[in-house]
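upload_22.cif follows; it contains mmCIF, C-alpha atoms.
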data_structure
loop_
_atom_site.label_atom_id
_atom_site.label_comp_id
_atom_site.auth_asym_id
_atom_site.auth_seq_id
_atom_site.Cartn_x
_atom_site.Cartn_y
_atom_site.Cartn_z
CA MET T 1 40.03 12.76 -2.81
CA ILE T 2 39.76 16.49 -3.43
CA GLY T 3 37.21 17.16 -6.18
CA ARG T 4 35.64 13.73 -5.81
CA THR T 5 31.88 13.44 -5.30
CA VAL T 6 30.80 11.69 -2.10
CA PRO T 7 29.23 8.25 -2.65
CA GLN T 8 25.49 7.99 -3.23
CA VAL T 9 24.03 5.80 -0.51
CA THR T 10 20.83 5.56 1.50
CA PHE T 11 21.32 5.72 5.26
CA LYS T 12 18.88 3.88 7.55
CA THR T 13 18.08 6.40 10.30
CA ARG T 14 15.66 6.55 13.22
CA VAL T 15 13.78 9.82 13.78
CA ARG T 16 11.52 10.93 16.58
CA ASP T 17 7.83 10.78 15.68
CA GLU T 18 5.35 12.16 18.22
CA SER T 19 2.49 10.25 16.57
CA ILE T 20 4.01 7.01 17.91
CA GLU T 21 2.95 6.21 21.44
CA GLY T 22 5.00 4.43 24.07
CA PRO T 23 8.56 4.60 25.37
CA ASN T 24 10.23 4.48 21.93
CA PRO T 25 8.57 7.12 19.70
CA TYR T 26 10.89 6.65 16.72
CA ARG T 27 10.38 5.45 13.16
CA TRP T 28 12.71 4.37 10.36
CA GLN T 29 13.54 7.01 7.78
CA ASP T 30 15.78 6.62 4.75
CA VAL T 31 18.09 9.60 4.19
CA THR T 32 20.28 9.85 1.08
CA SER T 33 23.70 11.35 0.48
CA ASP T 34 21.98 14.14 -1.47
CA ASP T 35 19.73 14.89 1.53
CA TYR T 36 22.83 15.48 3.65
CA PHE T 37 25.31 17.00 1.21
CA LYS T 38 23.61 18.54 -1.84
CA GLY T 39 23.47 22.32 -2.18
CA LYS T 40 25.40 23.23 0.95
CA ARG T 41 28.88 23.35 2.44
CA VAL T 42 29.35 20.92 5.31
CA VAL T 43 31.96 19.18 7.41
CA ILE T 44 31.88 15.42 7.64
CA PHE T 45 34.08 13.52 10.00
CA SER T 46 34.29 9.81 10.58
CA LEU T 47 35.63 7.81 13.46
CA PRO T 48 36.05 4.18 14.55
CA GLY T 49 33.06 3.98 16.87
CA ALA T 50 30.46 5.60 19.05
CA PHE T 51 31.24 5.60 22.78
CA THR T 52 34.97 4.99 22.17
CA PRO T 53 37.50 7.07 24.16
CA THR T 54 39.07 9.48 21.62
CA CYS T 55 35.80 9.87 19.74
CA SER T 56 33.75 10.62 22.87
CA THR T 57 36.32 12.66 24.79
CA TYR T 58 37.85 14.86 22.09
CA GLN T 59 36.67 14.61 18.50
CA LEU T 60 32.86 14.73 18.79
CA PRO T 61 32.68 17.10 21.80
CA ASN T 62 35.13 19.55 20.22
CA PHE T 63 33.22 19.67 16.93
CA GLU T 64 30.09 20.31 19.01
CA LYS T 65 31.78 23.15 20.95
CA LEU T 66 33.26 24.75 17.82
CA ALA T 67 30.13 24.50 15.65
CA GLU T 68 29.43 28.24 15.78
CA THR T 69 32.98 29.01 14.62
CA PHE T 70 32.49 26.65 11.67
CA LYS T 71 29.24 28.47 10.81
CA GLU T 72 31.15 31.78 10.80
CA LYS T 73 33.51 30.19 8.22
CA GLY T 74 30.62 29.26 5.91
CA VAL T 75 29.94 25.68 7.05
CA GLU T 76 26.18 25.00 7.27
CA ASP T 77 26.20 21.60 8.99
CA ILE T 78 28.60 19.24 10.74
CA TYR T 79 28.03 15.51 10.32
CA CYS T 80 29.68 12.67 12.20
CA ILE T 81 29.62 9.33 10.36
CA SER T 82 30.41 6.04 12.05
CA VAL T 83 29.97 2.38 11.16
CA ASN T 84 27.35 1.98 13.87
CA ASP T 85 23.60 1.47 13.60
CA ALA T 86 20.96 4.15 14.14
CA PHE T 87 20.12 2.93 17.66
CA VAL T 88 23.75 3.24 18.81
CA MET T 89 24.23 6.61 17.11
CA ASN T 90 21.03 8.03 18.64
CA ALA T 91 22.00 6.79 22.13
CA TRP T 92 25.49 8.26 21.73
CA GLY T 93 24.10 11.62 20.60
CA LYS T 94 21.78 11.71 23.60
CA GLN T 95 24.63 10.76 25.98
CA GLN T 96 26.82 13.50 24.45
CA GLY T 97 24.04 16.13 24.67
CA LEU T 98 24.44 17.08 21.01
CA THR T 99 22.62 20.10 19.64
CA ASN T 100 24.93 21.11 16.76
CA VAL T 101 26.60 18.01 15.29
CA LYS T 102 24.32 15.63 13.42
CA LEU T 103 25.08 11.92 13.56
CA ILE T 104 24.85 9.69 10.48
CA PRO T 105 24.59 5.93 11.05
CA ASP T 106 26.53 3.92 8.46
CA GLY T 107 25.49 0.61 9.98
CA SER T 108 26.53 -1.59 7.06
CA GLY T 109 29.64 0.48 6.29
CA GLU T 110 28.49 1.13 2.71
CA PHE T 111 29.35 4.85 2.67
CA THR T 112 32.65 4.23 4.46
CA ARG T 113 33.58 1.43 2.04
CA LYS T 114 32.75 3.58 -0.98
CA MET T 115 34.87 6.40 0.49
CA GLY T 116 37.77 3.93 0.64
CA MET T 117 38.02 4.30 4.40
CA LEU T 118 36.76 0.92 5.67
CA VAL T 119 39.36 -0.93 7.76
CA CYS T 120 39.39 -4.13 9.77
CA LYS T 121 39.69 -3.59 13.52
CA ASP T 122 39.47 -7.24 14.59
CA ASN T 123 42.45 -6.65 16.87
CA LEU T 124 40.07 -4.58 19.06
CA GLY T 125 37.04 -6.82 18.53
CA PHE T 126 35.33 -4.13 16.43
CA GLY T 127 35.16 -5.85 13.03
CA MET T 128 34.97 -3.51 10.04
CA ARG T 129 35.02 0.18 10.95
CA SER T 130 35.96 3.57 9.57
CA TRP T 131 39.44 4.99 9.54
CA ARG T 132 39.46 8.41 11.19
CA TYR T 133 39.13 11.25 8.65
CA ALA T 134 37.34 14.54 8.01
CA ALA T 135 36.40 16.52 4.92
CA ILE T 136 34.84 19.77 3.87
CA VAL T 137 32.16 18.92 1.33
CA ASN T 138 30.67 21.58 -0.92
CA ASP T 139 27.52 20.58 -2.84
CA GLY T 140 28.49 16.91 -2.60
CA LYS T 141 32.10 17.40 -3.73
CA ILE T 142 35.11 17.04 -1.45
CA GLU T 143 36.70 20.47 -1.10
CA SER T 144 39.41 19.52 1.42
CA TRP T 145 40.50 16.23 2.99
CA TYR T 146 42.01 15.41 6.41
CA GLU T 147 43.06 11.79 6.91
CA GLU T 148 44.91 10.41 9.89
CA PRO T 149 48.29 8.83 9.07
CA GLY T 150 48.92 5.09 9.14
CA PHE T 151 45.81 3.87 7.31
CA SER T 152 45.79 0.09 7.75
CA ASP T 153 43.86 -2.89 8.97
CA ASN T 154 44.32 -3.75 12.66
CA CYS T 155 46.36 -0.62 13.33
CA GLU T 156 47.96 -0.79 16.77
CA THR T 157 47.52 2.95 17.38
CA ASP T 158 44.63 5.41 17.10
CA PRO T 159 46.10 8.51 15.48
CA TYR T 160 44.18 11.73 16.01
CA GLY T 161 45.06 15.26 14.95
CA GLU T 162 44.59 15.70 11.21
CA SER T 163 40.82 15.22 11.51
CA SER T 164 40.45 17.37 14.62
CA PRO T 165 38.10 20.36 14.43
CA GLU T 166 40.98 22.62 15.44
CA ASN T 167 43.02 21.49 12.42
CA LEU T 168 40.06 21.95 10.05
CA LEU T 169 39.44 25.47 11.37
CA GLU T 170 43.13 26.35 11.02
CA ASN T 171 43.05 25.21 7.39
CA LEU T 172 39.77 27.05 6.71
CA GLU T 173 41.41 30.26 7.95
CA LYS T 174 44.42 29.67 5.66
CA LEU T 175 42.10 29.10 2.67
CA ALA T 176 40.20 32.31 3.44
CA ALA T 177 43.41 34.37 3.66
#
What does this structure look like when you write it as structure tokens?
Amino acid sequence: MIGRTVPQVTFKTRVRDESIEGPNPYRWQDVTSDDYFKGKRVVIFSLPGAFTPTCSTYQLPNFEKLAETFKEKGVEDIYCISVNDAFVMNAWGKQQGLTNVKLIPDGSGEFTRKMGMLVCKDNLGFGMRSWRYAAIVNDGKIESWYEEPGFSDNCETDPYGESSPENLLENLEKLAA
């Protein structure tokens, strides 16, 4: 994975638009891989689903809390990608009170599939979802890769550690030394 360019896809997002009246002032906006990753150094991390226990209790909140530390290490943005639609991702971000981590909806799983990380989670009633991983991406190229062990369809466990923000920061410090 290291040195590989992230896949070129167009994400279907929903963005707030004050010109729209009513209780749902959002509009569709296409955002490309280049919009997110070109010309900057970012962290991306992917997880099985919004609102799920490990994702909502540890992984996303800890990236949010440690965002300033990542900035000090030269990371401009932190993106969380999940095979969920824009409505779910926006609701999850609001519920989590995010101000630092940006959520990317991969509703059809196209980016995840092209990354080679799409797995079947029918055993949990999820369908096709992302395996848990993280990467440091520099100008669209994968600089470092953190994949949870046991990659497989219908995995009975939910490994978490390799893709944790703490592990990424530890490795960033080693690279800087």
Per-axis box centre and lengths in Å around stretch 157-167 of chain T, 4 Å margin per side, axis-aligned, as AutoDock Vina command-line options:
--center_x 42.8 --center_y 12.8 --center_z 14.3 --size_x 17.4 --size_y 27.7 --size_z 14.2
Counting only C-alpha atoms, the residue of T:Gly127, T:Gly116, T:Pro165, T:Pro105 that sits nearest T:Gln29: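 Nearest to T:Gln29: T:Pro105.
Excluding T:Tyr133 itself and any same-chain residue fewer than 3 positions from it, the protein and nucleic acid residues within 9 Å of it, counting all atoms listed in the file, are Ile44, Phe45, Ser46, Leu47, Met117, Ser130, Trp145, Tyr146, Glu147, Glu148, Tyr160, Glu162, Ser163 and Ser164 of chain T.
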Residue neighbourhood T:Pro48, 7 Å, only C-alpha atoms, exclusion window fewer than 2 positions, as a ChimeraX atom specification: /T:82,129-132
Residues at most 12 Å from T:Asp77, counting all atoms listed in the file, excluding those fewer than 6 positions away in the same chain, as an mmCIF file with C-alpha atoms, keeping the file's coordinate frame?
data_model
loop_
_atom_site.group_PDB
_atom_site.id
_atom_site.type_symbol
_atom_site.label_atom_id
_atom_site.label_comp_id
_atom_site.auth_asym_id
_atom_site.auth_seq_id
_atom_site.Cartn_x
_atom_site.Cartn_y
_atom_site.Cartn_z
ATOM 1 C CA ASP T 35 19.730 14.890 1.530
ATOM 2 C CA TYR T 36 22.830 15.480 3.650
ATOM 3 C CA PHE T 37 25.310 17.000 1.210
ATOM 4 C CA LYS T 38 23.610 18.540 -1.840
ATOM 5 C CA GLY T 39 23.470 22.320 -2.180
ATOM 6 C CA LYS T 40 25.400 23.230 0.950
ATOM 7 C CA ARG T 41 28.880 23.350 2.440
ATOM 8 C CA VAL T 42 29.350 20.920 5.310
ATOM 9 C CA VAL T 43 31.960 19.180 7.410
ATOM 10 C CA ILE T 44 31.880 15.420 7.640
ATOM 11 C CA PHE T 45 34.080 13.520 10.000
ATOM 12 C CA PHE T 63 33.220 19.670 16.930
ATOM 13 C CA GLU T 64 30.090 20.310 19.010
ATOM 14 C CA LEU T 66 33.260 24.750 17.820
ATOM 15 C CA ALA T 67 30.130 24.500 15.650
ATOM 16 C CA GLU T 68 29.430 28.240 15.780
ATOM 17 C CA THR T 69 32.980 29.010 14.620
ATOM 18 C CA PHE T 70 32.490 26.650 11.670
ATOM 19 C CA LYS T 71 29.240 28.470 10.810
ATOM 20 C CA THR T 99 22.620 20.100 19.640
ATOM 21 C CA ASN T 100 24.930 21.110 16.760
ATOM 22 C CA VAL T 101 26.600 18.010 15.290
ATOM 23 C CA LYS T 102 24.320 15.630 13.420
ATOM 24 C CA LEU T 103 25.080 11.920 13.560
ATOM 25 C CA ILE T 136 34.840 19.770 3.870
ATOM 26 C CA VAL T 137 32.160 18.920 1.330
ATOM 27 C CA ASN T 138 30.670 21.580 -0.920
ATOM 28 C CA ASP T 139 27.520 20.580 -2.840
#
What is the atom CA of T:Trp28-atom CA of T:Phe51 distance in Å, reported with one decimal?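 The value is 22.3 Å.
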Expected selection from the PyMOL selection byres ((chain T and resi 11-21) around 9), given as a short mmCIF file (atom, residue, chain, number, x, y, z; two decimals) with C-alpha atoms, in the coordinates of the input:
data_model
loop_
_atom_site.label_atom_id
_atom_site.label_comp_id
_atom_site.auth_asym_id
_atom_site.auth_seq_id
_atom_site.Cartn_x
_atom_site.Cartn_y
_atom_site.Cartn_z
CA VAL T 9 24.03 5.80 -0.51
CA THR T 10 20.83 5.56 1.50
CA GLY T 22 5.00 4.43 24.07
CA PRO T 23 8.56 4.60 25.37
CA ASN T 24 10.23 4.48 21.93
CA PRO T 25 8.57 7.12 19.70
CA TYR T 26 10.89 6.65 16.72
CA ARG T 27 10.38 5.45 13.16
CA TRP T 28 12.71 4.37 10.36
CA GLN T 29 13.54 7.01 7.78
CA ASP T 30 15.78 6.62 4.75
CA VAL T 31 18.09 9.60 4.19
CA THR T 32 20.28 9.85 1.08
CA SER T 33 23.70 11.35 0.48
CA ASP T 85 23.60 1.47 13.60
CA ALA T 86 20.96 4.15 14.14
CA PHE T 87 20.12 2.93 17.66
CA ASN T 90 21.03 8.03 18.64
CA ILE T 104 24.85 9.69 10.48
CA PRO T 105 24.59 5.93 11.05
CA ASP T 106 26.53 3.92 8.46
CA GLY T 107 25.49 0.61 9.98
CA GLU T 110 28.49 1.13 2.71
CA PHE T 111 29.35 4.85 2.67
#
What is the distance between atom CA of T:Val119 and atom CA of T:Ser152, in Å to one decimal? 6.5 Å
Expressed in Å to a single decimal, how great is the separation between atom CA of T:Asn154 and atom CA of T:Leu124? 7.7 Å
Looking at T:Lys73, T:Lys65, T:Arg4, T:Arg113, which one is nearest to T:Glu173, with distances taken over all atoms listed in the file?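 When distances to T:Glu173 are compared using all atoms listed in the file, the smallest one comes from T:Lys73.
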For T:Ser108, which of T:Gln96, T:Asn123, T:Asn84, T:Asn167 is the closest residue, counting only C-alpha atoms?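 Nearest candidate to T:Ser108 out of T:Gln96, T:Asn123, T:Asn84, T:Asn167: T:Asn84.
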Nearest to T:Leu98 among T:Gly161, T:Asn62, T:Ile2, T:Glu166, with distances taken over all atoms listed in the file: which residue is it?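 Once distances to T:Leu98 are computed over all atoms listed in the file, the minimum belongs to T:Asn62.
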